[in-house]
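These notes are about the structure you will find just below.
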Amino acid sequence: MKKRWLIPISLILLFMIFTIYQQNQLIKDYRGLLYFEMSRINVPVERILAFHEEADRYNEEERTEKLERLDETFGDFFNVTGIGLQLEPQIRAEYFVPYNDAVLSYSHLIKNYIAASTAQDREQAYINLKRRYEQYNEFLKTSEEKLVEPFE
């Protein structure tokens, strides 16, 4: 009698363990995706910061053309990222607001950098953009600690 119940109970337990494992993986992947979305907006900003280091090599036309392409890249990233941060109310409250503030300030600072006409204005716009980039990276570090690391 005991042996007859042992097999179905074992199968049910295996199914429960497998289901719990799959749920944990789903939560881990979801949280990793949220962090990835927040960190992707830094890619075009990093390109702009790297461009500033070599901007002196270009004449004004080339500089304007490259900056316009970088601005379009930022716009593409801006339009694609951040959607997943709005789905869940708790995630939206905790992560979307700082993310959105960073994106909007990046947009404003990038426009200022592109519009700068003198070297001094460009340098000041670069400093402001770099400062905001470092602030957002600090936010990303704390977000990574909360979102990704608990599951590793």
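In the structure tokens, chains take the letters A, B, ... in the order shown, each chain's residues start at 1, and ligands count up from 1 in the order shown.
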Self-check item: Shell of 9 Å around Asn42 of chain A, only C-alpha atoms, local chain residues under 6 positions omitted, as a PyMOL selection string
Solution: chain A and resi 74+133+136-137
Exercise. Based on DSSP run over this structure's backbone, return all residues of segment 48-137 of chain A in alpha helix (DSSP H), as a PyMOL selection string.
Key: chain A and resi 48-54+60-80+89-91+97-115+119-137
Exercise. Write out as an NGL selection string the residues lying within 12 Å of segment 117-123 of chain A, counting only C-alpha atoms and excluding same-chain residues fewer than 3 positions away.
Key: :A and (48-49 or 51-53 or 55-56 or 60 or 63-64 or 109-114 or 126-130)
Restrict the selected residues to C-alpha atoms and save them as a PDB file, in the first residue's frame.
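Output below, filename result02.pdb:
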```pdb
ATOM      1  CA  ILE A  48      29.212  61.114 -26.774  1.00  0.00           C
ATOM      2  CA  LEU A  49      31.647  61.312 -23.857  1.00  0.00           C
ATOM      3  CA  PHE A  51      33.598  61.546 -28.886  1.00  0.00           C
ATOM      4  CA  HIS A  52      34.481  64.606 -26.823  1.00  0.00           C
ATOM      5  CA  GLU A  53      37.953  63.195 -26.200  1.00  0.00           C
ATOM      6  CA  ALA A  55      36.445  65.976 -31.123  1.00  0.00           C
ATOM      7  CA  ASP A  56      39.423  68.265 -31.742  1.00  0.00           C
ATOM      8  CA  GLU A  60      33.181  71.869 -37.646  1.00  0.00           C
ATOM      9  CA  ARG A  63      31.862  67.354 -35.757  1.00  0.00           C
ATOM     10  CA  THR A  64      28.284  68.491 -36.381  1.00  0.00           C
ATOM     11  CA  LEU A 109      22.477  68.089 -21.727  1.00  0.00           C
ATOM     12  CA  ILE A 110      23.133  66.454 -25.095  1.00  0.00           C
ATOM     13  CA  LYS A 111      21.227  69.230 -26.858  1.00  0.00           C
ATOM     14  CA  ASN A 112      23.345  71.767 -24.950  1.00  0.00           C
ATOM     15  CA  TYR A 113      26.528  69.943 -25.968  1.00  0.00           C
ATOM     16  CA  ILE A 114      25.507  69.878 -29.630  1.00  0.00           C
ATOM     17  CA  TYR A 126      30.774  67.959 -21.387  1.00  0.00           C
ATOM     18  CA  ILE A 127      31.425  68.421 -17.664  1.00  0.00           C
ATOM     19  CA  ASN A 128      27.694  68.683 -16.945  1.00  0.00           C
ATOM     20  CA  LEU A 129      26.951  65.583 -19.038  1.00  0.00           C
ATOM     21  CA  LYS A 130      29.734  63.615 -17.372  1.00  0.00           C
TER      22      LYS A 130
END
```
Quiz item: Between A:Leu34, A:Thr19, A:Lys3, A:Phe78, which is the closest to Lys146 of chain A once you count only C-alpha atoms?
Solution: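 Between A:Leu34, A:Thr19, A:Lys3, A:Phe78, the residue approaching Lys146 of chain A most closely is A:Leu34.
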Exercise. For atom CA of Ile27 of chain A and atom CA of Asn100 of chain A, determine how far apart the two atoms are, in Å to one decimal place.
Key: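 Rounded to one decimal, the two atoms are 23.2 Å apart.
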Practice problem: Write out as a list in words which residues come within 12 Å of Asn79 of chain A when counting only C-alpha atoms, dropping same-chain ones fewer than 3 positions away. | Solution: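 These residues fall inside the cut-off: Glu37, Arg40, Ile41, Glu72, Thr73, Phe74, Gly75, Asp76, Gly82, Ile83, Asn100, Val103, Leu104 and Ser107 of chain A.
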For the selection you just gave me, I'd like the residues written to a file as a PDB file, in the first residue's frame, keeping N, CA and C atoms.
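Result file follows (result.pdb):
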```pdb
ATOM      1  N   GLU A  37      17.481  47.247 -19.135  1.00  0.00           N
ATOM      2  CA  GLU A  37      16.796  48.383 -19.760  1.00  0.00           C
ATOM      3  C   GLU A  37      17.301  49.713 -19.205  1.00  0.00           C
ATOM      4  N   ARG A  40      20.936  50.476 -20.521  1.00  0.00           N
ATOM      5  CA  ARG A  40      21.139  50.678 -21.967  1.00  0.00           C
ATOM      6  C   ARG A  40      21.175  52.144 -22.361  1.00  0.00           C
ATOM      7  N   ILE A  41      20.514  52.991 -21.611  1.00  0.00           N
ATOM      8  CA  ILE A  41      20.471  54.406 -21.995  1.00  0.00           C
ATOM      9  C   ILE A  41      21.863  55.038 -21.886  1.00  0.00           C
ATOM     10  N   GLU A  72      20.857  61.070 -32.834  1.00  0.00           N
ATOM     11  CA  GLU A  72      19.855  60.136 -33.358  1.00  0.00           C
ATOM     12  C   GLU A  72      19.948  58.789 -32.640  1.00  0.00           C
ATOM     13  N   THR A  73      21.154  58.349 -32.363  1.00  0.00           N
ATOM     14  CA  THR A  73      21.336  57.104 -31.613  1.00  0.00           C
ATOM     15  C   THR A  73      20.712  57.226 -30.234  1.00  0.00           C
ATOM     16  N   PHE A  74      20.948  58.354 -29.570  1.00  0.00           N
ATOM     17  CA  PHE A  74      20.336  58.566 -28.260  1.00  0.00           C
ATOM     18  C   PHE A  74      18.819  58.547 -28.381  1.00  0.00           C
ATOM     19  N   GLY A  75      18.282  59.182 -29.407  1.00  0.00           N
ATOM     20  CA  GLY A  75      16.832  59.183 -29.622  1.00  0.00           C
ATOM     21  C   GLY A  75      16.286  57.778 -29.825  1.00  0.00           C
ATOM     22  N   ASP A  76      17.024  56.956 -30.582  1.00  0.00           N
ATOM     23  CA  ASP A  76      16.593  55.572 -30.785  1.00  0.00           C
ATOM     24  C   ASP A  76      16.563  54.813 -29.452  1.00  0.00           C
ATOM     25  N   GLY A  82      12.984  51.556 -21.321  1.00  0.00           N
ATOM     26  CA  GLY A  82      12.165  52.079 -20.239  1.00  0.00           C
ATOM     27  C   GLY A  82      10.736  51.610 -20.219  1.00  0.00           C
ATOM     28  N   ILE A  83      10.302  50.885 -21.231  1.00  0.00           N
ATOM     29  CA  ILE A  83       8.913  50.450 -21.296  1.00  0.00           C
ATOM     30  C   ILE A  83       8.601  49.457 -20.181  1.00  0.00           C
ATOM     31  N   ASN A 100      13.588  58.064 -15.696  1.00  0.00           N
ATOM     32  CA  ASN A 100      13.012  59.078 -16.569  1.00  0.00           C
ATOM     33  C   ASN A 100      13.677  60.440 -16.354  1.00  0.00           C
ATOM     34  N   VAL A 103      16.982  60.294 -18.167  1.00  0.00           N
ATOM     35  CA  VAL A 103      16.816  60.360 -19.622  1.00  0.00           C
ATOM     36  C   VAL A 103      16.502  61.785 -20.068  1.00  0.00           C
ATOM     37  N   LEU A 104      15.607  62.441 -19.349  1.00  0.00           N
ATOM     38  CA  LEU A 104      15.257  63.814 -19.717  1.00  0.00           C
ATOM     39  C   LEU A 104      16.437  64.768 -19.537  1.00  0.00           C
ATOM     40  N   SER A 107      18.898  64.158 -22.319  1.00  0.00           N
ATOM     41  CA  SER A 107      18.426  64.777 -23.554  1.00  0.00           C
ATOM     42  C   SER A 107      18.744  66.273 -23.558  1.00  0.00           C
TER      43      SER A 107
END
```
